[in-house]
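A.B. asks: work07.cif is reproduced in full below (mmCIF, N, CA and C atoms).
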```cif
data_my_file
#
loop_
_atom_site.label_atom_id
_atom_site.label_comp_id
_atom_site.auth_asym_id
_atom_site.auth_seq_id
_atom_site.Cartn_x
_atom_site.Cartn_y
_atom_site.Cartn_z
N GLN H 1 -24.99 -9.75 40.85
CA GLN H 1 -24.45 -8.41 40.60
C GLN H 1 -24.97 -7.44 41.65
N VAL H 2 -24.07 -6.64 42.21
CA VAL H 2 -24.44 -5.68 43.24
C VAL H 2 -25.14 -4.50 42.59
N GLN H 3 -26.29 -4.13 43.14
CA GLN H 3 -27.02 -2.95 42.67
C GLN H 3 -27.44 -2.12 43.86
N LEU H 4 -27.31 -0.80 43.73
CA LEU H 4 -27.80 0.13 44.72
C LEU H 4 -28.86 0.99 44.04
N VAL H 5 -30.02 1.08 44.64
CA VAL H 5 -31.12 1.82 44.05
C VAL H 5 -31.59 2.90 45.02
N GLU H 6 -31.51 4.15 44.55
CA GLU H 6 -31.95 5.27 45.36
C GLU H 6 -33.41 5.61 45.05
N SER H 7 -34.08 6.19 46.02
CA SER H 7 -35.44 6.68 45.82
C SER H 7 -35.68 7.84 46.76
N GLY H 8 -36.77 8.57 46.51
CA GLY H 8 -37.16 9.64 47.41
C GLY H 8 -36.87 11.04 46.92
N GLY H 9 -36.19 11.16 45.80
CA GLY H 9 -35.90 12.49 45.28
C GLY H 9 -37.17 13.16 44.75
N GLY H 10 -37.04 14.44 44.44
CA GLY H 10 -38.19 15.16 43.91
C GLY H 10 -37.96 16.65 43.95
N VAL H 11 -39.06 17.38 43.78
CA VAL H 11 -39.02 18.83 43.82
C VAL H 11 -39.68 19.31 45.11
N VAL H 12 -39.01 20.21 45.79
CA VAL H 12 -39.53 20.71 47.07
C VAL H 12 -39.20 22.19 47.17
N GLN H 13 -40.02 22.93 47.89
CA GLN H 13 -39.74 24.35 48.11
C GLN H 13 -38.68 24.52 49.18
N ALA H 14 -37.98 25.62 49.11
CA ALA H 14 -36.99 25.94 50.13
C ALA H 14 -37.63 25.89 51.52
N GLY H 15 -36.90 25.29 52.45
CA GLY H 15 -37.42 25.10 53.80
C GLY H 15 -38.10 23.77 54.01
N GLY H 16 -38.36 23.06 52.91
CA GLY H 16 -39.04 21.77 53.00
C GLY H 16 -38.11 20.62 53.33
N SER H 17 -38.67 19.42 53.31
CA SER H 17 -37.91 18.21 53.68
C SER H 17 -38.12 17.11 52.64
N LEU H 18 -37.12 16.27 52.54
CA LEU H 18 -37.19 15.05 51.74
C LEU H 18 -36.43 13.96 52.48
N ARG H 19 -36.84 12.72 52.23
CA ARG H 19 -36.11 11.58 52.80
C ARG H 19 -35.71 10.66 51.65
N LEU H 20 -34.41 10.49 51.50
CA LEU H 20 -33.87 9.59 50.48
C LEU H 20 -33.62 8.22 51.08
N ALA H 21 -33.80 7.20 50.26
CA ALA H 21 -33.51 5.83 50.68
C ALA H 21 -32.63 5.17 49.63
N CYS H 22 -31.79 4.28 50.07
CA CYS H 22 -30.92 3.51 49.17
C CYS H 22 -30.93 2.07 49.64
N VAL H 23 -31.31 1.19 48.75
CA VAL H 23 -31.37 -0.23 49.06
C VAL H 23 -30.43 -0.98 48.12
N ALA H 24 -29.59 -1.82 48.70
CA ALA H 24 -28.65 -2.61 47.91
C ALA H 24 -29.17 -4.04 47.75
N SER H 25 -28.90 -4.61 46.61
CA SER H 25 -29.25 -6.00 46.37
C SER H 25 -28.07 -6.71 45.71
N GLY H 26 -28.11 -8.03 45.74
CA GLY H 26 -27.06 -8.80 45.10
C GLY H 26 -25.78 -8.90 45.90
N THR H 27 -25.82 -8.48 47.18
CA THR H 27 -24.61 -8.54 48.00
C THR H 27 -24.58 -9.81 48.85
N THR H 28 -23.37 -10.29 49.10
CA THR H 28 -23.17 -11.41 50.02
C THR H 28 -22.32 -10.94 51.20
N PHE H 29 -22.28 -9.63 51.41
CA PHE H 29 -21.46 -9.04 52.45
C PHE H 29 -22.17 -7.79 52.95
N TRP H 30 -21.72 -7.30 54.13
CA TRP H 30 -22.23 -6.02 54.64
C TRP H 30 -21.24 -4.94 54.26
N PHE H 31 -21.76 -3.84 53.78
CA PHE H 31 -20.88 -2.74 53.48
C PHE H 31 -20.20 -2.23 54.76
N ASN H 32 -18.90 -1.95 54.68
CA ASN H 32 -18.18 -1.35 55.81
C ASN H 32 -18.72 0.04 56.11
N ALA H 33 -19.11 0.72 55.04
CA ALA H 33 -19.62 2.08 55.17
C ALA H 33 -20.57 2.36 54.02
N MET H 34 -21.50 3.27 54.26
CA MET H 34 -22.39 3.74 53.20
C MET H 34 -22.47 5.25 53.28
N GLY H 35 -22.71 5.85 52.14
CA GLY H 35 -22.74 7.31 52.15
C GLY H 35 -23.61 7.87 51.05
N TRP H 36 -23.86 9.16 51.20
CA TRP H 36 -24.59 9.92 50.20
C TRP H 36 -23.67 11.01 49.66
N TYR H 37 -23.57 11.05 48.35
CA TYR H 37 -22.80 12.06 47.65
C TYR H 37 -23.75 12.84 46.76
N ARG H 38 -23.35 14.04 46.39
CA ARG H 38 -24.20 14.81 45.51
C ARG H 38 -23.37 15.55 44.47
N GLN H 39 -24.02 15.79 43.33
CA GLN H 39 -23.34 16.48 42.24
C GLN H 39 -24.30 17.49 41.64
N ALA H 40 -23.95 18.75 41.78
CA ALA H 40 -24.74 19.83 41.20
C ALA H 40 -24.25 20.08 39.77
N PRO H 41 -25.08 20.67 38.92
CA PRO H 41 -24.66 20.94 37.54
C PRO H 41 -23.37 21.75 37.49
N GLY H 42 -22.41 21.28 36.72
CA GLY H 42 -21.15 22.00 36.55
C GLY H 42 -20.19 21.88 37.71
N LYS H 43 -20.53 21.06 38.69
CA LYS H 43 -19.66 20.92 39.87
C LYS H 43 -19.23 19.47 40.03
N GLN H 44 -18.20 19.28 40.84
CA GLN H 44 -17.72 17.93 41.12
C GLN H 44 -18.62 17.25 42.14
N ARG H 45 -18.62 15.94 42.10
CA ARG H 45 -19.36 15.17 43.09
C ARG H 45 -18.71 15.38 44.46
N GLU H 46 -19.54 15.56 45.49
CA GLU H 46 -19.01 15.81 46.82
C GLU H 46 -19.77 14.99 47.86
N LEU H 47 -19.09 14.73 48.96
CA LEU H 47 -19.71 14.00 50.05
C LEU H 47 -20.75 14.86 50.73
N ALA H 48 -21.92 14.27 51.00
CA ALA H 48 -22.92 14.94 51.82
C ALA H 48 -22.90 14.35 53.23
N ALA H 49 -22.94 13.02 53.31
CA ALA H 49 -22.94 12.35 54.61
C ALA H 49 -22.46 10.91 54.43
N HIS H 50 -21.94 10.36 55.53
CA HIS H 50 -21.30 9.05 55.49
C HIS H 50 -21.55 8.37 56.83
N ILE H 51 -21.77 7.06 56.80
CA ILE H 51 -21.97 6.32 58.05
C ILE H 51 -21.25 5.00 57.97
N THR H 52 -20.56 4.63 59.04
CA THR H 52 -19.85 3.35 59.07
C THR H 52 -20.76 2.26 59.61
N SER H 53 -20.30 1.03 59.51
CA SER H 53 -21.08 -0.09 60.05
C SER H 53 -21.23 0.02 61.56
N GLY H 54 -20.31 0.76 62.20
CA GLY H 54 -20.39 0.96 63.65
C GLY H 54 -21.26 2.13 64.04
N GLY H 55 -21.76 2.86 63.05
CA GLY H 55 -22.66 3.97 63.34
C GLY H 55 -22.01 5.34 63.40
N SER H 56 -20.72 5.41 63.17
CA SER H 56 -20.07 6.72 63.16
C SER H 56 -20.46 7.49 61.91
N THR H 57 -20.71 8.77 62.07
CA THR H 57 -21.17 9.59 60.95
C THR H 57 -20.25 10.76 60.69
N VAL H 58 -20.25 11.18 59.43
CA VAL H 58 -19.52 12.37 59.00
C VAL H 58 -20.45 13.15 58.09
N TYR H 59 -20.47 14.47 58.27
CA TYR H 59 -21.31 15.32 57.44
C TYR H 59 -20.48 16.43 56.82
N ALA H 60 -20.86 16.81 55.60
CA ALA H 60 -20.27 18.01 55.02
C ALA H 60 -20.73 19.21 55.85
N ALA H 61 -19.87 20.20 55.95
CA ALA H 61 -20.19 21.38 56.75
C ALA H 61 -21.48 22.05 56.26
N SER H 62 -21.72 21.98 54.95
CA SER H 62 -22.86 22.67 54.36
C SER H 62 -24.21 22.02 54.72
N VAL H 63 -24.17 20.77 55.19
CA VAL H 63 -25.43 20.09 55.51
C VAL H 63 -25.56 19.76 56.99
N LYS H 64 -24.51 19.96 57.74
CA LYS H 64 -24.52 19.59 59.16
C LYS H 64 -25.62 20.35 59.89
N GLY H 65 -26.38 19.61 60.70
CA GLY H 65 -27.48 20.23 61.43
C GLY H 65 -28.80 20.21 60.67
N ARG H 66 -28.73 19.92 59.37
CA ARG H 66 -29.96 19.88 58.55
C ARG H 66 -30.23 18.47 58.02
N PHE H 67 -29.18 17.73 57.73
CA PHE H 67 -29.30 16.37 57.18
C PHE H 67 -28.94 15.34 58.25
N THR H 68 -29.61 14.20 58.19
CA THR H 68 -29.30 13.10 59.10
C THR H 68 -29.22 11.81 58.30
N ILE H 69 -28.09 11.13 58.41
CA ILE H 69 -27.91 9.84 57.75
C ILE H 69 -28.18 8.73 58.76
N SER H 70 -28.81 7.67 58.31
CA SER H 70 -29.06 6.53 59.19
C SER H 70 -29.01 5.25 58.37
N ARG H 71 -28.84 4.16 59.08
CA ARG H 71 -28.68 2.88 58.39
C ARG H 71 -29.49 1.83 59.14
N GLU H 72 -30.13 0.95 58.40
CA GLU H 72 -30.87 -0.15 59.00
C GLU H 72 -29.88 -1.18 59.52
N ASN H 73 -30.05 -1.57 60.78
CA ASN H 73 -29.16 -2.58 61.37
C ASN H 73 -29.20 -3.88 60.59
N GLY H 74 -28.02 -4.34 60.22
CA GLY H 74 -27.93 -5.64 59.56
C GLY H 74 -28.35 -5.65 58.11
N LEU H 75 -28.65 -4.47 57.56
CA LEU H 75 -29.05 -4.40 56.17
C LEU H 75 -28.19 -3.41 55.41
N ASN H 76 -28.07 -3.63 54.15
CA ASN H 76 -27.37 -2.66 53.29
C ASN H 76 -28.37 -1.63 52.79
N THR H 77 -28.94 -0.90 53.74
CA THR H 77 -29.94 0.12 53.45
C THR H 77 -29.56 1.37 54.22
N VAL H 78 -29.60 2.50 53.53
CA VAL H 78 -29.22 3.75 54.16
C VAL H 78 -30.22 4.82 53.78
N TYR H 79 -30.44 5.75 54.71
CA TYR H 79 -31.39 6.84 54.50
C TYR H 79 -30.69 8.18 54.68
N LEU H 80 -31.27 9.19 54.07
CA LEU H 80 -30.81 10.55 54.29
C LEU H 80 -32.04 11.43 54.50
N GLN H 81 -32.24 11.87 55.73
CA GLN H 81 -33.31 12.80 56.04
C GLN H 81 -32.78 14.21 55.83
N MET H 82 -33.43 14.94 54.94
CA MET H 82 -32.96 16.28 54.60
C MET H 82 -34.03 17.29 55.00
N ASN H 83 -33.69 18.15 55.94
CA ASN H 83 -34.60 19.18 56.43
C ASN H 83 -34.06 20.56 56.08
N SER H 84 -34.93 21.55 56.18
CA SER H 84 -34.54 22.94 55.91
C SER H 84 -33.77 23.05 54.60
N LEU H 85 -34.31 22.45 53.57
CA LEU H 85 -33.61 22.42 52.29
C LEU H 85 -33.46 23.82 51.69
N LYS H 86 -32.34 24.00 51.00
CA LYS H 86 -32.01 25.27 50.38
C LYS H 86 -31.85 25.05 48.87
N PRO H 87 -32.01 26.09 48.07
CA PRO H 87 -31.80 25.94 46.63
C PRO H 87 -30.42 25.37 46.30
N GLU H 88 -29.41 25.69 47.10
CA GLU H 88 -28.07 25.17 46.83
C GLU H 88 -27.92 23.69 47.13
N ASP H 89 -28.95 23.07 47.69
CA ASP H 89 -28.94 21.62 47.88
C ASP H 89 -29.37 20.88 46.60
N THR H 90 -29.80 21.63 45.60
CA THR H 90 -30.22 21.03 44.34
C THR H 90 -29.05 20.28 43.70
N ALA H 91 -29.26 19.00 43.43
CA ALA H 91 -28.20 18.15 42.88
C ALA H 91 -28.78 16.77 42.60
N VAL H 92 -27.98 15.96 41.93
CA VAL H 92 -28.26 14.52 41.87
C VAL H 92 -27.57 13.90 43.08
N TYR H 93 -28.32 13.13 43.83
CA TYR H 93 -27.79 12.49 45.03
C TYR H 93 -27.53 11.02 44.74
N TYR H 94 -26.31 10.61 45.03
CA TYR H 94 -25.86 9.25 44.76
C TYR H 94 -25.58 8.52 46.07
N CYS H 95 -25.96 7.27 46.11
CA CYS H 95 -25.65 6.40 47.23
C CYS H 95 -24.37 5.63 46.91
N ARG H 96 -23.54 5.43 47.89
CA ARG H 96 -22.33 4.64 47.71
C ARG H 96 -22.17 3.65 48.86
N GLY H 97 -21.84 2.44 48.51
CA GLY H 97 -21.51 1.43 49.51
C GLY H 97 -20.05 1.02 49.34
N THR H 98 -19.36 0.86 50.45
CA THR H 98 -17.94 0.50 50.41
C THR H 98 -17.72 -0.82 51.13
N TYR H 99 -17.09 -1.77 50.44
CA TYR H 99 -16.71 -3.04 51.06
C TYR H 99 -15.24 -3.27 50.77
N LEU H 100 -14.45 -3.34 51.82
CA LEU H 100 -12.98 -3.41 51.71
C LEU H 100 -12.56 -2.20 50.87
N ALA H 101 -11.92 -2.40 49.77
CA ALA H 101 -11.45 -1.26 48.97
C ALA H 101 -12.33 -0.99 47.77
N GLU H 102 -13.47 -1.64 47.71
CA GLU H 102 -14.35 -1.52 46.54
C GLU H 102 -15.53 -0.60 46.84
N ASN H 103 -15.79 0.33 45.92
CA ASN H 103 -16.94 1.21 46.03
C ASN H 103 -18.00 0.83 45.01
N TYR H 104 -19.24 0.85 45.45
CA TYR H 104 -20.38 0.55 44.59
C TYR H 104 -21.31 1.76 44.61
N TRP H 105 -21.78 2.16 43.43
CA TRP H 105 -22.58 3.38 43.31
C TRP H 105 -23.97 3.07 42.76
N GLY H 106 -24.93 3.87 43.21
CA GLY H 106 -26.24 3.85 42.61
C GLY H 106 -26.28 4.78 41.42
N GLN H 107 -27.45 4.83 40.77
CA GLN H 107 -27.61 5.64 39.57
C GLN H 107 -27.95 7.09 39.89
N GLY H 108 -28.36 7.35 41.11
CA GLY H 108 -28.66 8.72 41.52
C GLY H 108 -30.13 9.04 41.49
N THR H 109 -30.50 10.03 42.31
CA THR H 109 -31.88 10.53 42.34
C THR H 109 -31.81 12.06 42.40
N GLN H 110 -32.63 12.70 41.59
CA GLN H 110 -32.59 14.16 41.49
C GLN H 110 -33.34 14.81 42.64
N VAL H 111 -32.70 15.79 43.25
CA VAL H 111 -33.34 16.63 44.26
C VAL H 111 -33.29 18.06 43.74
N THR H 112 -34.44 18.68 43.66
CA THR H 112 -34.53 20.07 43.20
C THR H 112 -35.25 20.89 44.26
N VAL H 113 -34.59 21.94 44.71
CA VAL H 113 -35.16 22.82 45.73
C VAL H 113 -35.43 24.17 45.09
N SER H 114 -36.70 24.56 45.06
CA SER H 114 -37.06 25.83 44.44
C SER H 114 -37.12 26.94 45.49
N SER H 115 -36.77 28.14 45.04
CA SER H 115 -36.75 29.27 45.99
C SER H 115 -38.09 29.98 46.03
#
```
So that I can check it, write out the structure of this file as structure tokens.
C.D. replies:
Amino acid sequence: QVQLVESGGGVVQAGGSLRLACVASGTTFWFNAMGWYRQAPGKQRELAAHITSGGSTVYAASVKGRFTISRENGLNTVYLQMNSLKPEDTAVYYCRGTYLAENYWGQGTQVTVSS
């Protein structure tokens, strides 16, 4: 069974940094793409950052220049380095792996940024 497990969330003051990690297990394939999504209370889940197996990246406008997504070569592991955090970055952050047309999600990790 495919499982994605996120780690690295926590509470940080505005202006601080956190690094999220997502490790997949139970796979017999490489994800075509992996990404980080986030969901704030009362809001819809939204893309934060996305990376393909070829290394192409996409960032939400709200995080561009502050967040960096990276992936371990040959592994279904993805990171999100988050710098200059703002209170509006507070959300549950979910990892997603995509293989062909199938999406696999982690359980999420809470990030709270205090002002």
A.B. asks: Rank H:Gln81, H:Thr90, H:Gln107, H:Gln3 by their smallest atom-to-atom distance to Arg19 in chain H, using all atoms listed in the file, and report the top residue only.
C.D. replies: H:Gln81
A.B. asks: I'd like the interatomic distance between atom C of Met82 in chain H and atom N of Thr27 in chain H, to a tenth of an Å.
C.D. replies: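 A separation of 28.2 Å between them.
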A.B. asks: So what does the PyMOL selection byres (((chain H and resi 88 and name CA) around 10) and name CA) actually pick up in this one, as a list in words?
C.D. replies: Ala14, Ala40, Ser62, Leu85, Lys86, Pro87, Asp89, Thr90, Ala91, Thr112, Val113, Ser114 and Ser115 of chain H
A.B. asks: Would you mind exporting N, CA and C atoms of the selected residues as an mmCIF file, in the coordinates of the input?
C.D. replies:
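Saved result, part.cif, follows:
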```
data_model
loop_
_atom_site.group_PDB
_atom_site.id
_atom_site.type_symbol
_atom_site.label_atom_id
_atom_site.label_comp_id
_atom_site.auth_asym_id
_atom_site.auth_seq_id
_atom_site.Cartn_x
_atom_site.Cartn_y
_atom_site.Cartn_z
ATOM 1 N N ALA H 14 -37.980 25.620 49.110
ATOM 2 C CA ALA H 14 -36.990 25.940 50.130
ATOM 3 C C ALA H 14 -37.630 25.890 51.520
ATOM 4 N N ALA H 40 -23.950 18.750 41.780
ATOM 5 C CA ALA H 40 -24.740 19.830 41.200
ATOM 6 C C ALA H 40 -24.250 20.080 39.770
ATOM 7 N N SER H 62 -21.720 21.980 54.950
ATOM 8 C CA SER H 62 -22.860 22.670 54.360
ATOM 9 C C SER H 62 -24.210 22.020 54.720
ATOM 10 N N LEU H 85 -34.310 22.450 53.570
ATOM 11 C CA LEU H 85 -33.610 22.420 52.290
ATOM 12 C C LEU H 85 -33.460 23.820 51.690
ATOM 13 N N LYS H 86 -32.340 24.000 51.000
ATOM 14 C CA LYS H 86 -32.010 25.270 50.380
ATOM 15 C C LYS H 86 -31.850 25.050 48.870
ATOM 16 N N PRO H 87 -32.010 26.090 48.070
ATOM 17 C CA PRO H 87 -31.800 25.940 46.630
ATOM 18 C C PRO H 87 -30.420 25.370 46.300
ATOM 19 N N ASP H 89 -28.950 23.070 47.690
ATOM 20 C CA ASP H 89 -28.940 21.620 47.880
ATOM 21 C C ASP H 89 -29.370 20.880 46.600
ATOM 22 N N THR H 90 -29.800 21.630 45.600
ATOM 23 C CA THR H 90 -30.220 21.030 44.340
ATOM 24 C C THR H 90 -29.050 20.280 43.700
ATOM 25 N N ALA H 91 -29.260 19.000 43.430
ATOM 26 C CA ALA H 91 -28.200 18.150 42.880
ATOM 27 C C ALA H 91 -28.780 16.770 42.600
ATOM 28 N N THR H 112 -34.440 18.680 43.660
ATOM 29 C CA THR H 112 -34.530 20.070 43.200
ATOM 30 C C THR H 112 -35.250 20.890 44.260
ATOM 31 N N VAL H 113 -34.590 21.940 44.710
ATOM 32 C CA VAL H 113 -35.160 22.820 45.730
ATOM 33 C C VAL H 113 -35.430 24.170 45.090
ATOM 34 N N SER H 114 -36.700 24.560 45.060
ATOM 35 C CA SER H 114 -37.060 25.830 44.440
ATOM 36 C C SER H 114 -37.120 26.940 45.490
ATOM 37 N N SER H 115 -36.770 28.140 45.040
ATOM 38 C CA SER H 115 -36.750 29.270 45.990
ATOM 39 C C SER H 115 -38.090 29.980 46.030
#
```
A.B. asks: Rank H:Thr28, H:Glu102, H:Leu80, H:Leu47 by their smallest atom-to-atom distance to Ala61 in chain H, using all atoms listed in the file, and report the top residue only.
C.D. replies: H:Leu47
A.B. asks: Suppose you want the space between atom N of Phe67 in chain H and CA of Ala49 in chain H; what is it in Å?
C.D. replies: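 Distance between the two atoms: 8.8 Å.
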A.B. asks: So what does the PyMOL selection byres ((chain H and resi 9) around 5) actually pick up in this one, as JSON, numbers by chain?
C.D. replies: {"H": [7, 8, 10, 11, 110, 111]}
A.B. asks: Measuring between only C-alpha atoms, which one of H:Gly108, H:Thr68, H:Val92, H:Ile51 shows the shortest distance to Gly35 in chain H?
C.D. replies: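 Of the candidates, the smallest distance to Gly35 in chain H is held by H:Ile51.
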